[in-house]
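Dumped query-v1.pdb below, it's PDB, C-alpha atoms:
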```pdb
ATOM      1  CA  MET L   1    -112.224 -83.284  -2.677  1.00  0.00           C
ATOM      2  CA  LYS L   2    -113.300 -83.288   0.978  1.00  0.00           C
ATOM      3  CA  PHE L   3    -109.673 -83.808   1.987  1.00  0.00           C
ATOM      4  CA  VAL L   4    -108.590 -80.687   0.104  1.00  0.00           C
ATOM      5  CA  GLY L   5    -111.368 -78.689   1.743  1.00  0.00           C
ATOM      6  CA  LEU L   6    -110.382 -79.930   5.201  1.00  0.00           C
ATOM      7  CA  PHE L   7    -106.711 -79.267   4.493  1.00  0.00           C
ATOM      8  CA  LEU L   8    -107.417 -75.692   3.428  1.00  0.00           C
ATOM      9  CA  LYS L   9    -109.798 -75.162   6.340  1.00  0.00           C
ATOM     10  CA  LEU L  10    -106.942 -75.956   8.748  1.00  0.00           C
ATOM     11  CA  MET L  11    -104.637 -73.379   7.124  1.00  0.00           C
ATOM     12  CA  PRO L  12    -104.171 -71.377  10.383  1.00  0.00           C
ATOM     13  CA  VAL L  13    -102.786 -74.509  12.044  1.00  0.00           C
ATOM     14  CA  TRP L  14    -100.385 -75.138   9.146  1.00  0.00           C
ATOM     15  CA  PHE L  15     -99.304 -71.487   9.292  1.00  0.00           C
ATOM     16  CA  GLY L  16     -98.579 -71.777  13.018  1.00  0.00           C
ATOM     17  CA  VAL L  17     -96.650 -75.029  12.726  1.00  0.00           C
ATOM     18  CA  GLY L  18     -94.901 -74.448   9.403  1.00  0.00           C
ATOM     19  CA  PHE L  19     -94.024 -70.758   9.606  1.00  0.00           C
ATOM     20  CA  LEU L  20     -94.643 -69.119  12.967  1.00  0.00           C
ATOM     21  CA  GLY L  21     -92.998 -71.835  15.079  1.00  0.00           C
ATOM     22  CA  PRO L  22     -89.722 -71.977  13.121  1.00  0.00           C
ATOM     23  CA  VAL L  23     -89.535 -68.177  12.878  1.00  0.00           C
ATOM     24  CA  LEU L  24     -89.923 -67.814  16.647  1.00  0.00           C
ATOM     25  CA  ALA L  25     -87.296 -70.508  17.243  1.00  0.00           C
ATOM     26  CA  GLU L  26     -84.809 -68.838  14.907  1.00  0.00           C
ATOM     27  CA  LEU L  27     -85.443 -65.431  16.459  1.00  0.00           C
ATOM     28  CA  TYR L  28     -84.792 -66.911  19.887  1.00  0.00           C
ATOM     29  CA  LEU L  29     -81.623 -68.708  18.820  1.00  0.00           C
ATOM     30  CA  ARG L  30     -80.064 -66.033  16.582  1.00  0.00           C
ATOM     31  CA  THR L  31     -80.672 -62.981  18.754  1.00  0.00           C
ATOM     32  CA  PRO L  32     -79.510 -62.188  22.296  1.00  0.00           C
ATOM     33  CA  LEU L  33     -82.875 -63.418  23.636  1.00  0.00           C
ATOM     34  CA  HIS L  34     -81.353 -66.757  24.581  1.00  0.00           C
ATOM     35  CA  THR L  35     -78.886 -65.048  26.919  1.00  0.00           C
ATOM     36  CA  ILE L  36     -81.660 -63.259  28.850  1.00  0.00           C
ATOM     37  CA  SER L  37     -83.156 -66.490  30.150  1.00  0.00           C
ATOM     38  CA  GLY L  38     -79.840 -67.534  31.705  1.00  0.00           C
ATOM     39  CA  VAL L  39     -80.569 -71.198  30.968  1.00  0.00           C
ATOM     40  CA  GLU L  40     -78.992 -73.073  28.090  1.00  0.00           C
ATOM     41  CA  PHE L  41     -81.583 -74.933  26.062  1.00  0.00           C
ATOM     42  CA  GLU L  42     -80.863 -77.519  23.415  1.00  0.00           C
ATOM     43  CA  ARG L  43     -81.670 -76.412  19.891  1.00  0.00           C
ATOM     44  CA  ASP L  44     -84.194 -79.240  19.507  1.00  0.00           C
ATOM     45  CA  THR L  45     -85.984 -78.244  22.696  1.00  0.00           C
ATOM     46  CA  VAL L  46     -86.366 -74.666  21.498  1.00  0.00           C
ATOM     47  CA  TYR L  47     -87.793 -75.855  18.185  1.00  0.00           C
ATOM     48  CA  ILE L  48     -90.249 -78.238  19.864  1.00  0.00           C
ATOM     49  CA  VAL L  49     -91.521 -75.562  22.259  1.00  0.00           C
ATOM     50  CA  CYS L  50     -91.909 -73.013  19.461  1.00  0.00           C
ATOM     51  CA  MET L  51     -93.682 -75.524  17.189  1.00  0.00           C
ATOM     52  CA  ILE L  52     -96.098 -76.370  20.009  1.00  0.00           C
ATOM     53  CA  PHE L  53     -96.717 -72.651  20.535  1.00  0.00           C
ATOM     54  CA  GLY L  54     -97.320 -72.238  16.798  1.00  0.00           C
ATOM     55  CA  ALA L  55     -99.749 -75.162  16.791  1.00  0.00           C
ATOM     56  CA  MET L  56    -101.646 -73.707  19.754  1.00  0.00           C
ATOM     57  CA  TYR L  57    -101.817 -70.338  17.990  1.00  0.00           C
ATOM     58  CA  GLY L  58    -103.110 -72.030  14.833  1.00  0.00           C
ATOM     59  CA  PHE L  59    -105.712 -74.040  16.710  1.00  0.00           C
ATOM     60  CA  ILE L  60    -106.989 -70.960  18.550  1.00  0.00           C
ATOM     61  CA  ALA L  61    -107.073 -69.014  15.276  1.00  0.00           C
ATOM     62  CA  PHE L  62    -108.972 -71.890  13.660  1.00  0.00           C
ATOM     63  CA  MET L  63    -111.516 -72.063  16.465  1.00  0.00           C
ATOM     64  CA  THR L  64    -112.115 -68.303  16.674  1.00  0.00           C
ATOM     65  CA  GLY L  65    -111.829 -67.618  12.959  1.00  0.00           C
ATOM     66  CA  ARG L  66    -109.311 -64.805  13.499  1.00  0.00           C
ATOM     67  CA  TRP L  67    -105.661 -65.016  12.621  1.00  0.00           C
ATOM     68  CA  ILE L  68    -104.617 -61.715  14.165  1.00  0.00           C
TER
END
```
Could you quickly redo this structure as structure tokens?
Amino acid sequence: MKFVGLFLKLMPVWFGVGFLGPVLAELYLRTPLHTISGVEFERDTVYIVCMIFGAMYGFIAFMTGRWI
């Protein structure tokens, strides 16, 4: 039961990694945003960077207690 409580307590981190990161990566890849940078990134690199950003967002939201 402690595991379930810990899992649910870390919900902002799971939101950042499981939803926010992939959404940001898809927005970057499917819109003209990738042409603005002028540098061609591999698809995997974009996903990794966005997932790390999502994890950082989730960790900060977890520590502060605010998602928005």
Selection result of the PyMOL selection byres ((chain L and resi 58) around 9) on this file, as a PyMOL selection string = chain L and resi 10-17+53-57+59-63+67
Using all atoms listed in the file, which of L:Met1, L:Ile68, L:Val39, L:Cys50 sits nearest Leu24 (chain L)?
-> L:Cys50
If I wrap all listed atoms of region 56-64 of chain L in a box with edges along x, y and z and add 3 Å on each side, what are its centre and edge lengths in Å to one decimal, as AutoDock Vina command-line options?
```
--center_x -106.9 --center_y -71.2 --center_z 16.7 --size_x 16.5 --size_y 11.7 --size_z 12.1
```
At what distance in Å, to one decimal, does CA of Val23 (chain L) lie from CA of Ile36 (chain L)?
-> 18.5 Å
Write out as a list in words which residues come within 12 Å of Val46 (chain L) when counting all atoms listed in the file, dropping same-chain ones fewer than 3 positions away.
->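 My reading of the contact set: Gly21, Pro22, Val23, Leu24, Ala25, Glu26, Leu27, Tyr28, Leu29, Arg30, Leu33, His34, Val39, Glu40, Phe41, Glu42, Arg43, Val49, Cys50, Met51, Ile52 and Phe53 of chain L.
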When you draw a straight line from CA of Val4 (chain L) to CA of Gly18 (chain L), how long is it in Å?
->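 About the pair CA of Val4 (chain L) and CA of Gly18 (chain L): they are 17.7 Å apart.
If you look at CA of Ile48 (chain L) and CA of Phe3 (chain L), they are 27.0 Å away from each other.
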Could you complete region 22-40 of chain L so that it carries N, CA and C atoms, and give it back as a compact mmCIF listing (two decimals), in the coordinates of the input?
```
# COMPACT_ATOMS: atom_id res chain seq x y z
N PRO L 22 -91.14 -72.09 13.48
CA PRO L 22 -89.72 -71.98 13.12
C PRO L 22 -89.18 -70.56 13.17
N VAL L 23 -90.00 -69.57 12.81
CA VAL L 23 -89.54 -68.18 12.88
C VAL L 23 -89.25 -67.78 14.32
N LEU L 24 -90.15 -68.13 15.23
CA LEU L 24 -89.92 -67.81 16.65
C LEU L 24 -88.68 -68.52 17.19
N ALA L 25 -88.48 -69.77 16.79
CA ALA L 25 -87.30 -70.51 17.24
C ALA L 25 -86.02 -69.86 16.72
N GLU L 26 -86.00 -69.48 15.46
CA GLU L 26 -84.81 -68.84 14.91
C GLU L 26 -84.57 -67.48 15.54
N LEU L 27 -85.62 -66.72 15.78
CA LEU L 27 -85.44 -65.43 16.46
C LEU L 27 -84.85 -65.62 17.85
N TYR L 28 -85.32 -66.64 18.54
CA TYR L 28 -84.79 -66.91 19.89
C TYR L 28 -83.33 -67.32 19.83
N LEU L 29 -82.98 -68.17 18.87
CA LEU L 29 -81.62 -68.71 18.82
C LEU L 29 -80.61 -67.74 18.22
N ARG L 30 -81.02 -66.89 17.29
CA ARG L 30 -80.06 -66.03 16.58
C ARG L 30 -79.95 -64.62 17.15
N THR L 31 -80.76 -64.30 18.13
CA THR L 31 -80.67 -62.98 18.75
C THR L 31 -80.22 -63.16 20.21
N PRO L 32 -79.94 -62.08 20.89
CA PRO L 32 -79.51 -62.19 22.30
C PRO L 32 -80.63 -62.64 23.25
N LEU L 33 -81.79 -62.98 22.75
CA LEU L 33 -82.88 -63.42 23.64
C LEU L 33 -82.50 -64.65 24.45
N HIS L 34 -81.70 -65.54 23.86
CA HIS L 34 -81.35 -66.76 24.58
C HIS L 34 -80.43 -66.49 25.77
N THR L 35 -79.75 -65.36 25.78
CA THR L 35 -78.89 -65.05 26.92
C THR L 35 -79.67 -64.43 28.08
N ILE L 36 -80.84 -63.88 27.80
CA ILE L 36 -81.66 -63.26 28.85
C ILE L 36 -82.18 -64.30 29.83
N SER L 37 -82.56 -65.47 29.29
CA SER L 37 -83.16 -66.49 30.15
C SER L 37 -82.14 -67.05 31.14
N GLY L 38 -80.86 -67.04 30.79
CA GLY L 38 -79.84 -67.53 31.70
C GLY L 38 -79.73 -69.04 31.73
N VAL L 39 -80.59 -69.74 31.01
CA VAL L 39 -80.57 -71.20 30.97
C VAL L 39 -80.24 -71.62 29.54
N GLU L 40 -79.34 -72.57 29.42
CA GLU L 40 -78.99 -73.07 28.09
C GLU L 40 -79.97 -74.17 27.68
```
